[in-house]
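Source file: query-v7.pdb (PDB, C-alpha atoms, pLDDT in the B column)
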```pdb
ATOM      1  CA  MET W   1       0.619 -11.858 -13.671  1.00 92.00           C
ATOM      2  CA  LEU W   2       2.328  -9.670 -11.087  1.00 96.00           C
ATOM      3  CA  ASN W   3       4.248 -11.227  -8.207  1.00 96.00           C
ATOM      4  CA  ASN W   4       5.495  -8.176  -6.326  1.00 97.00           C
ATOM      5  CA  LYS W   5       5.394  -4.401  -6.327  1.00 96.00           C
ATOM      6  CA  THR W   6       8.717  -4.123  -8.190  1.00 96.00           C
ATOM      7  CA  GLU W   7       7.149  -5.992 -11.101  1.00 97.00           C
ATOM      8  CA  ALA W   8       4.111  -3.726 -10.825  1.00 98.00           C
ATOM      9  CA  TYR W   9       6.271  -0.586 -11.036  1.00 97.00           C
ATOM     10  CA  GLN W  10       8.133  -2.062 -14.024  1.00 97.00           C
ATOM     11  CA  LEU W  11       4.822  -2.780 -15.780  1.00 98.00           C
ATOM     12  CA  LEU W  12       3.618   0.762 -15.138  1.00 97.00           C
ATOM     13  CA  SER W  13       6.873   2.122 -16.550  1.00 97.00           C
ATOM     14  CA  ARG W  14       6.590  -0.041 -19.682  1.00 97.00           C
ATOM     15  CA  LEU W  15       3.023   1.207 -20.136  1.00 97.00           C
ATOM     16  CA  GLY W  16       4.196   4.823 -19.995  1.00 97.00           C
ATOM     17  CA  ALA W  17       3.689   5.911 -16.387  1.00 96.00           C
ATOM     18  CA  SER W  18       5.193   9.277 -15.555  1.00 94.00           C
ATOM     19  CA  GLU W  19       7.674   9.686 -12.702  1.00 93.00           C
ATOM     20  CA  ARG W  20       4.974  11.634 -10.925  1.00 91.00           C
ATOM     21  CA  LEU W  21       2.546   8.700 -11.079  1.00 94.00           C
ATOM     22  CA  LEU W  22       5.233   6.270  -9.921  1.00 95.00           C
ATOM     23  CA  THR W  23       6.112   8.574  -7.033  1.00 93.00           C
ATOM     24  CA  HIS W  24       2.452   8.779  -6.061  1.00 93.00           C
ATOM     25  CA  VAL W  25       1.913   5.022  -5.904  1.00 95.00           C
ATOM     26  CA  LYS W  26       5.115   4.569  -3.910  1.00 96.00           C
ATOM     27  CA  LEU W  27       4.021   7.168  -1.343  1.00 95.00           C
ATOM     28  CA  VAL W  28       0.593   5.540  -1.070  1.00 96.00           C
ATOM     29  CA  GLY W  29       2.562   2.332  -0.562  1.00 97.00           C
ATOM     30  CA  GLU W  30       4.256   3.836   2.492  1.00 96.00           C
ATOM     31  CA  ALA W  31       0.852   4.373   4.087  1.00 96.00           C
ATOM     32  CA  ALA W  32      -0.194   0.844   3.104  1.00 98.00           C
ATOM     33  CA  GLU W  33       2.900  -0.641   4.771  1.00 98.00           C
ATOM     34  CA  ILE W  34       1.916   0.960   8.073  1.00 97.00           C
ATOM     35  CA  LEU W  35      -1.569  -0.531   7.749  1.00 98.00           C
ATOM     36  CA  ILE W  36      -0.105  -3.933   6.884  1.00 98.00           C
ATOM     37  CA  SER W  37       2.111  -3.811   9.995  1.00 97.00           C
ATOM     38  CA  SER W  38      -0.865  -2.960  12.181  1.00 97.00           C
ATOM     39  CA  PHE W  39      -2.846  -5.846  10.660  1.00 97.00           C
ATOM     40  CA  GLU W  40       0.022  -8.221  11.426  1.00 97.00           C
ATOM     41  CA  GLU W  41       0.025  -7.010  15.045  1.00 95.00           C
ATOM     42  CA  LEU W  42      -3.711  -7.783  15.170  1.00 94.00           C
ATOM     43  CA  ASP W  43      -2.936 -11.288  13.844  1.00 94.00           C
ATOM     44  CA  LEU W  44      -5.342 -10.816  10.942  1.00 96.00           C
ATOM     45  CA  GLN W  45      -5.710 -13.194   8.034  1.00 96.00           C
ATOM     46  CA  PHE W  46      -5.162 -11.074   4.920  1.00 97.00           C
ATOM     47  CA  ASP W  47      -3.220 -10.952   1.674  1.00 98.00           C
ATOM     48  CA  ALA W  48      -0.468  -8.376   2.161  1.00 98.00           C
ATOM     49  CA  ASN W  49       0.768  -8.907  -1.390  1.00 98.00           C
ATOM     50  CA  LEU W  50      -2.665  -8.091  -2.811  1.00 98.00           C
ATOM     51  CA  ILE W  51      -2.618  -4.831  -0.850  1.00 98.00           C
ATOM     52  CA  ARG W  52       0.891  -4.006  -2.079  1.00 98.00           C
ATOM     53  CA  LEU W  53       0.046  -4.833  -5.687  1.00 98.00           C
ATOM     54  CA  GLY W  54      -3.320  -3.058  -5.526  1.00 98.00           C
ATOM     55  CA  VAL W  55      -1.667   0.095  -4.214  1.00 98.00           C
ATOM     56  CA  ALA W  56       1.085  -0.118  -6.829  1.00 98.00           C
ATOM     57  CA  VAL W  57      -1.387  -0.192  -9.731  1.00 98.00           C
ATOM     58  CA  HIS W  58      -4.497   1.539  -8.373  1.00 97.00           C
ATOM     59  CA  ASP W  59      -4.007   4.629 -10.554  1.00 96.00           C
ATOM     60  CA  ALA W  60      -2.667   2.841 -13.659  1.00 97.00           C
ATOM     61  CA  GLY W  61      -5.474   4.368 -15.726  1.00 96.00           C
ATOM     62  CA  LYS W  62      -3.913   7.792 -15.237  1.00 96.00           C
ATOM     63  CA  ILE W  63      -1.381   6.698 -17.851  1.00 97.00           C
ATOM     64  CA  LEU W  64      -4.269   6.944 -20.334  1.00 95.00           C
ATOM     65  CA  HIS W  65      -5.922   9.921 -18.597  1.00 95.00           C
ATOM     66  CA  PRO W  66      -2.980  12.049 -17.368  1.00 93.00           C
ATOM     67  CA  ASP W  67      -5.223  15.088 -16.824  1.00 91.00           C
ATOM     68  CA  GLU W  68      -6.661  13.178 -13.845  1.00 91.00           C
ATOM     69  CA  LEU W  69      -3.257  13.339 -12.118  1.00 85.00           C
ATOM     70  CA  ASP W  70      -3.986  16.991 -11.315  1.00 81.00           C
ATOM     71  CA  GLY W  71      -7.719  17.288 -11.667  1.00 85.00           C
ATOM     72  CA  PRO W  72     -10.880  15.425 -10.898  1.00 87.00           C
ATOM     73  CA  GLY W  73     -12.137  12.550 -12.942  1.00 86.00           C
ATOM     74  CA  SER W  74     -12.969   8.896 -12.838  1.00 90.00           C
ATOM     75  CA  LEU W  75     -12.186   7.797 -16.386  1.00 88.00           C
ATOM     76  CA  HIS W  76      -8.881   6.371 -15.157  1.00 93.00           C
ATOM     77  CA  GLU W  77     -10.629   3.830 -12.945  1.00 93.00           C
ATOM     78  CA  PRO W  78     -12.248   1.499 -15.526  1.00 96.00           C
ATOM     79  CA  ALA W  79      -9.510   2.337 -18.046  1.00 96.00           C
ATOM     80  CA  GLY W  80      -6.843   1.160 -15.621  1.00 96.00           C
ATOM     81  CA  GLU W  81      -8.659  -2.055 -14.821  1.00 97.00           C
ATOM     82  CA  LYS W  82      -9.129  -2.839 -18.524  1.00 98.00           C
ATOM     83  CA  MET W  83      -5.524  -2.007 -19.387  1.00 97.00           C
ATOM     84  CA  LEU W  84      -4.169  -4.215 -16.590  1.00 97.00           C
ATOM     85  CA  LEU W  85      -6.431  -7.136 -17.474  1.00 97.00           C
ATOM     86  CA  GLU W  86      -5.191  -6.879 -21.066  1.00 97.00           C
ATOM     87  CA  GLN W  87      -1.654  -7.179 -19.676  1.00 97.00           C
ATOM     88  CA  GLY W  88      -2.528 -10.398 -17.831  1.00 97.00           C
ATOM     89  CA  VAL W  89      -2.690  -8.864 -14.361  1.00 97.00           C
ATOM     90  CA  GLN W  90      -4.728 -10.819 -11.828  1.00 97.00           C
ATOM     91  CA  THR W  91      -8.394  -9.801 -11.685  1.00 97.00           C
ATOM     92  CA  ALA W  92      -8.278  -9.048  -7.951  1.00 97.00           C
ATOM     93  CA  VAL W  93      -5.313  -6.704  -8.454  1.00 98.00           C
ATOM     94  CA  ALA W  94      -6.744  -4.958 -11.533  1.00 98.00           C
ATOM     95  CA  ARG W  95     -10.058  -4.495  -9.724  1.00 97.00           C
ATOM     96  CA  CYS W  96      -8.308  -2.144  -7.269  1.00 97.00           C
ATOM     97  CA  CYS W  97      -8.231   0.448 -10.070  1.00 97.00           C
ATOM     98  CA  VAL W  98     -11.985   0.769  -9.637  1.00 95.00           C
ATOM     99  CA  THR W  99     -12.525  -0.089  -5.973  1.00 95.00           C
ATOM    100  CA  HIS W 100      -9.931   2.361  -4.617  1.00 94.00           C
ATOM    101  CA  ALA W 101     -12.326   5.138  -5.600  1.00 91.00           C
ATOM    102  CA  GLN W 102     -15.672   3.346  -5.537  1.00 92.00           C
ATOM    103  CA  TRP W 103     -15.350   1.793  -2.095  1.00 92.00           C
ATOM    104  CA  GLN W 104     -18.859   2.951  -1.127  1.00 92.00           C
ATOM    105  CA  HIS W 105     -20.438   0.554  -3.626  1.00 84.00           C
ATOM    106  CA  GLY W 106     -20.431  -3.200  -3.606  1.00 75.00           C
ATOM    107  CA  ASP W 107     -18.932  -5.885  -1.471  1.00 87.00           C
ATOM    108  CA  LEU W 108     -15.242  -5.154  -1.056  1.00 95.00           C
ATOM    109  CA  SER W 109     -12.558  -7.258   0.546  1.00 95.00           C
ATOM    110  CA  LEU W 110     -10.499  -6.108   3.498  1.00 96.00           C
ATOM    111  CA  GLU W 111      -7.609  -5.721   1.055  1.00 97.00           C
ATOM    112  CA  GLU W 112      -9.620  -3.450  -1.257  1.00 97.00           C
ATOM    113  CA  PHE W 113     -10.740  -1.265   1.660  1.00 97.00           C
ATOM    114  CA  THR W 114      -7.089  -1.062   2.701  1.00 97.00           C
ATOM    115  CA  VAL W 115      -5.968   0.117  -0.752  1.00 97.00           C
ATOM    116  CA  ALA W 116      -8.697   2.771  -0.695  1.00 97.00           C
ATOM    117  CA  ALA W 117      -7.776   3.881   2.835  1.00 97.00           C
ATOM    118  CA  ALA W 118      -4.059   4.113   2.020  1.00 97.00           C
ATOM    119  CA  ASP W 119      -4.924   6.258  -1.017  1.00 96.00           C
ATOM    120  CA  LYS W 120      -6.709   8.734   1.271  1.00 95.00           C
ATOM    121  CA  LEU W 121      -4.436   8.621   4.305  1.00 96.00           C
ATOM    122  CA  TRP W 122      -1.097   9.056   2.496  1.00 92.00           C
ATOM    123  CA  LYS W 123      -1.855  12.739   1.953  1.00 92.00           C
ATOM    124  CA  GLY W 124      -3.348  13.337   5.386  1.00 91.00           C
ATOM    125  CA  LYS W 125      -7.017  12.939   4.478  1.00 94.00           C
ATOM    126  CA  ARG W 126      -9.238  11.092   6.942  1.00 95.00           C
ATOM    127  CA  GLU W 127     -12.368   9.510   5.443  1.00 95.00           C
ATOM    128  CA  ALA W 128     -14.503   8.413   8.401  1.00 96.00           C
ATOM    129  CA  GLU W 129     -16.956   6.246   6.450  1.00 95.00           C
ATOM    130  CA  LEU W 130     -14.148   4.354   4.697  1.00 96.00           C
ATOM    131  CA  GLU W 131     -12.221   3.889   7.928  1.00 96.00           C
ATOM    132  CA  LEU W 132     -15.336   2.516   9.629  1.00 95.00           C
ATOM    133  CA  LYS W 133     -15.883   0.049   6.778  1.00 95.00           C
ATOM    134  CA  LEU W 134     -12.314  -1.175   7.167  1.00 96.00           C
ATOM    135  CA  ILE W 135     -12.681  -1.435  10.951  1.00 96.00           C
ATOM    136  CA  GLN W 136     -15.936  -3.348  10.504  1.00 94.00           C
ATOM    137  CA  ALA W 137     -14.321  -5.806   8.061  1.00 94.00           C
ATOM    138  CA  ILE W 138     -11.586  -6.472  10.614  1.00 96.00           C
ATOM    139  CA  ALA W 139     -14.035  -6.781  13.508  1.00 95.00           C
ATOM    140  CA  ILE W 140     -16.057  -9.338  11.560  1.00 94.00           C
ATOM    141  CA  GLN W 141     -12.963 -11.389  10.829  1.00 94.00           C
ATOM    142  CA  LYS W 142     -11.792 -11.203  14.447  1.00 94.00           C
ATOM    143  CA  GLN W 143     -15.356 -11.829  15.673  1.00 95.00           C
ATOM    144  CA  VAL W 144     -15.216  -8.887  18.046  1.00 95.00           C
ATOM    145  CA  ASP W 145     -17.176  -5.685  18.468  1.00 94.00           C
ATOM    146  CA  HIS W 146     -15.928  -2.928  16.179  1.00 90.00           C
ATOM    147  CA  TRP W 147     -15.113  -0.784  19.205  1.00 94.00           C
ATOM    148  CA  ASP W 148     -12.501  -3.382  20.167  1.00 92.00           C
ATOM    149  CA  ILE W 149     -10.700  -2.530  16.927  1.00 94.00           C
ATOM    150  CA  PHE W 150     -11.619   1.139  16.598  1.00 95.00           C
ATOM    151  CA  THR W 151      -9.228   2.662  19.128  1.00 90.00           C
ATOM    152  CA  SER W 152      -6.055   0.972  17.940  1.00 88.00           C
ATOM    153  CA  LEU W 153      -6.804   1.477  14.244  1.00 95.00           C
ATOM    154  CA  ASP W 154      -7.963   5.051  14.729  1.00 95.00           C
ATOM    155  CA  ASP W 155      -4.544   5.748  16.230  1.00 94.00           C
ATOM    156  CA  VAL W 156      -2.873   4.122  13.213  1.00 95.00           C
ATOM    157  CA  PHE W 157      -5.020   6.154  10.808  1.00 96.00           C
ATOM    158  CA  GLU W 158      -4.126   9.343  12.660  1.00 95.00           C
ATOM    159  CA  THR W 159      -0.413   8.498  12.637  1.00 95.00           C
ATOM    160  CA  ILE W 160      -0.474   7.982   8.878  1.00 95.00           C
ATOM    161  CA  ALA W 161      -2.543  11.117   8.264  1.00 94.00           C
ATOM    162  CA  THR W 162      -0.316  13.232  10.494  1.00 92.00           C
ATOM    163  CA  ASP W 163       2.632  12.496   8.219  1.00 87.00           C
ATOM    164  CA  GLY W 164       0.566  13.307   5.121  1.00 85.00           C
ATOM    165  CA  SER W 165       1.887  16.825   4.632  1.00 83.00           C
ATOM    166  CA  ALA W 166       5.476  15.539   4.764  1.00 84.00           C
ATOM    167  CA  ARG W 167       4.648  12.897   2.125  1.00 84.00           C
ATOM    168  CA  LEU W 168       2.964  15.548  -0.039  1.00 80.00           C
ATOM    169  CA  GLN W 169       6.075  17.697   0.249  1.00 81.00           C
ATOM    170  CA  ARG W 170       8.274  14.737  -0.727  1.00 80.00           C
ATOM    171  CA  SER W 171       5.930  14.095  -3.647  1.00 78.00           C
ATOM    172  CA  ARG W 172       6.446  17.609  -4.904  1.00 75.00           C
ATOM    173  CA  LEU W 173      10.223  17.434  -4.420  1.00 69.00           C
ATOM    174  CA  MET W 174      10.574  14.009  -6.039  1.00 63.00           C
ATOM    175  CA  THR W 175       8.648  14.994  -9.148  1.00 57.00           C
ATOM    176  CA  ARG W 176      10.702  18.166  -9.641  1.00 54.00           C
ATOM    177  CA  SER W 177      14.059  16.394  -9.698  1.00 45.00           C
TER
END
```
Write out the structure in this file as structure tokens.
Amino acid sequence: MLNNKTEAYQLLSRLGASERLLTHVKLVGEAAEILISSFEELDLQFDANLIRLGVAVHDAGKILHPDELDGPGSLHEPAGEKMLLEQGVQTAVARCCVTHAQWQHGDLSLEEFTVAAADKLWKGKREAELELKLIQAIAIQKQVDHWDIFTSLDDVFETIATDGSARLQRSRLMTRS
């Protein structure tokens, strides 16, 4: 069982995560923290720790499939979930290994949509369909029209994405040292 992102990073290290993978999940975590802050400002009911843990481990399967760090592939998704479950990680956290990439399918929680969005936004990529699903999940919880949420969250998404190239640059620098 994981209690915080430090424990998640330690688990990834014990399982053989490269510095590059650890850097990646930490940079995705920066994007997630901005989303978490915006959710707190909206007075949402959500599990910030699930988001933090989900982001920290979402690419755990790349330990077993390191070629997917640089190239395409989805083998890391179920492999990561299975590996984490075998380590006693909570089901909801381990599930983020799959849902961060397969957010189009199934009934996802607000937290899972947030992990998926952070994984896109950290590098400056906007994914309109994913962002709308997240906005809709929030609008349903707040019992408001999605347009009441759209403007403020669209600004947050843009702010995160705008800093994406700087995070990518830091990613490259951090993995070289």
Inset, instruction - Evaluate the PyMOL selection byres ((chain W and resi 163) around 10) on the structure here and hand back the selected residues as a PyMOL selection string. - result: chain W and resi 31+121-124+158-162+164-168
Write a file of the selected residues as a compact mmCIF listing (two decimals), in the frame of the given file, keeping C-alpha atoms.
```
# COMPACT_ATOMS: atom_id res chain seq x y z
CA ALA W 31 0.85 4.37 4.09
CA LEU W 121 -4.44 8.62 4.30
CA TRP W 122 -1.10 9.06 2.50
CA LYS W 123 -1.86 12.74 1.95
CA GLY W 124 -3.35 13.34 5.39
CA GLU W 158 -4.13 9.34 12.66
CA THR W 159 -0.41 8.50 12.64
CA ILE W 160 -0.47 7.98 8.88
CA ALA W 161 -2.54 11.12 8.26
CA THR W 162 -0.32 13.23 10.49
CA GLY W 164 0.57 13.31 5.12
CA SER W 165 1.89 16.82 4.63
CA ALA W 166 5.48 15.54 4.76
CA ARG W 167 4.65 12.90 2.12
CA LEU W 168 2.96 15.55 -0.04
```
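Contact shell of Phe46 (chain W) at 10 Å (only C-alpha atoms; same-chain neighbours under 4 positions omitted): Ile36, Phe39, Glu40, Leu50, Ile51, Ser109, Leu110, Glu111, Ile138 and Gln141 of chain W.
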Inset, instruction - Measuring atom to atom with only C-alpha atoms, identify which of W:Lys125, W:Lys120, W:Lys142, W:His76 is nearest to Ala32 (chain W). - result: W:Lys120
Legend entry - CA of Gly88 (chain W) to CA of Met1 (chain W), straight-line distance in Å: 5.4 Å
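Note that the spacing between CA of Glu77 (chain W) and CA of Asp154 (chain W) amounts to 27.8 Å.
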Legend entry - Atom-to-atom span, CA of Val57 (chain W) and CA of Val89 (chain W), Å: 9.9 Å
Inset, instruction - Give me the result of the PyMOL selection byres ((chain W and resi 56) around 12) on this file, residue by residue, as a PyMOL selection string. - result: chain W and resi 2-13+17+21-33+49-55+57-61+80+84+93-94+96-97+100+115-116+118-119
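Between Ser171 (chain W) and the candidates W:Gly106, W:Ala101, W:Arg20, W:Arg126, the tightest atom-to-atom separation, counting only C-alpha atoms, involves W:Arg20.
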Inset, instruction - Evaluate the PyMOL selection byres ((chain W and resi 134) around 12) on the structure here and hand back the selected residues as a VMD selection string. - result: chain W and resid 35 39 103 to 104 107 to 118 127 to 133 135 to 141 146 149 to 150 153 to 154 157
Output for the residues just chosen: C-alpha atoms as an mmCIF file, keeping the file's coordinate frame:
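Once written, again06.cif looks like this:
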```cif
data_model
loop_
_atom_site.group_PDB
_atom_site.id
_atom_site.type_symbol
_atom_site.label_atom_id
_atom_site.label_comp_id
_atom_site.auth_asym_id
_atom_site.auth_seq_id
_atom_site.Cartn_x
_atom_site.Cartn_y
_atom_site.Cartn_z
ATOM 1 C CA LEU W 35 -1.569 -0.531 7.749
ATOM 2 C CA PHE W 39 -2.846 -5.846 10.660
ATOM 3 C CA TRP W 103 -15.350 1.793 -2.095
ATOM 4 C CA GLN W 104 -18.859 2.951 -1.127
ATOM 5 C CA ASP W 107 -18.932 -5.885 -1.471
ATOM 6 C CA LEU W 108 -15.242 -5.154 -1.056
ATOM 7 C CA SER W 109 -12.558 -7.258 0.546
ATOM 8 C CA LEU W 110 -10.499 -6.108 3.498
ATOM 9 C CA GLU W 111 -7.609 -5.721 1.055
ATOM 10 C CA GLU W 112 -9.620 -3.450 -1.257
ATOM 11 C CA PHE W 113 -10.740 -1.265 1.660
ATOM 12 C CA THR W 114 -7.089 -1.062 2.701
ATOM 13 C CA VAL W 115 -5.968 0.117 -0.752
ATOM 14 C CA ALA W 116 -8.697 2.771 -0.695
ATOM 15 C CA ALA W 117 -7.776 3.881 2.835
ATOM 16 C CA ALA W 118 -4.059 4.113 2.020
ATOM 17 C CA GLU W 127 -12.368 9.510 5.443
ATOM 18 C CA ALA W 128 -14.503 8.413 8.401
ATOM 19 C CA GLU W 129 -16.956 6.246 6.450
ATOM 20 C CA LEU W 130 -14.148 4.354 4.697
ATOM 21 C CA GLU W 131 -12.221 3.889 7.928
ATOM 22 C CA LEU W 132 -15.336 2.516 9.629
ATOM 23 C CA LYS W 133 -15.883 0.049 6.778
ATOM 24 C CA ILE W 135 -12.681 -1.435 10.951
ATOM 25 C CA GLN W 136 -15.936 -3.348 10.504
ATOM 26 C CA ALA W 137 -14.321 -5.806 8.061
ATOM 27 C CA ILE W 138 -11.586 -6.472 10.614
ATOM 28 C CA ALA W 139 -14.035 -6.781 13.508
ATOM 29 C CA ILE W 140 -16.057 -9.338 11.560
ATOM 30 C CA GLN W 141 -12.963 -11.389 10.829
ATOM 31 C CA HIS W 146 -15.928 -2.928 16.179
ATOM 32 C CA ILE W 149 -10.700 -2.530 16.927
ATOM 33 C CA PHE W 150 -11.619 1.139 16.598
ATOM 34 C CA LEU W 153 -6.804 1.477 14.244
ATOM 35 C CA ASP W 154 -7.963 5.051 14.729
ATOM 36 C CA PHE W 157 -5.020 6.154 10.808
#
```
With 8 Å added on each side, what axis-aligned box encloses every listed atom of region 79-83 of chain W? Give the centre and edge lengths in Å to one decimal, as lines of an AutoDock Vina configuration file.
```
center_x = -7.5
center_y = -0.3
center_z = -17.1
size_x = 20.0
size_y = 21.2
size_z = 20.6
```
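In this comparison, which uses only C-alpha atoms, the residue of W:Ser18, W:Gln169, W:Ser152, W:Thr99 approaching Leu42 (chain W) most closely is W:Ser152.
With distances restricted to all atoms listed in the file, W:Leu75 is the closest residue to Lys62 (chain W) from W:Val156, W:Val144, W:Leu75, W:Val98.
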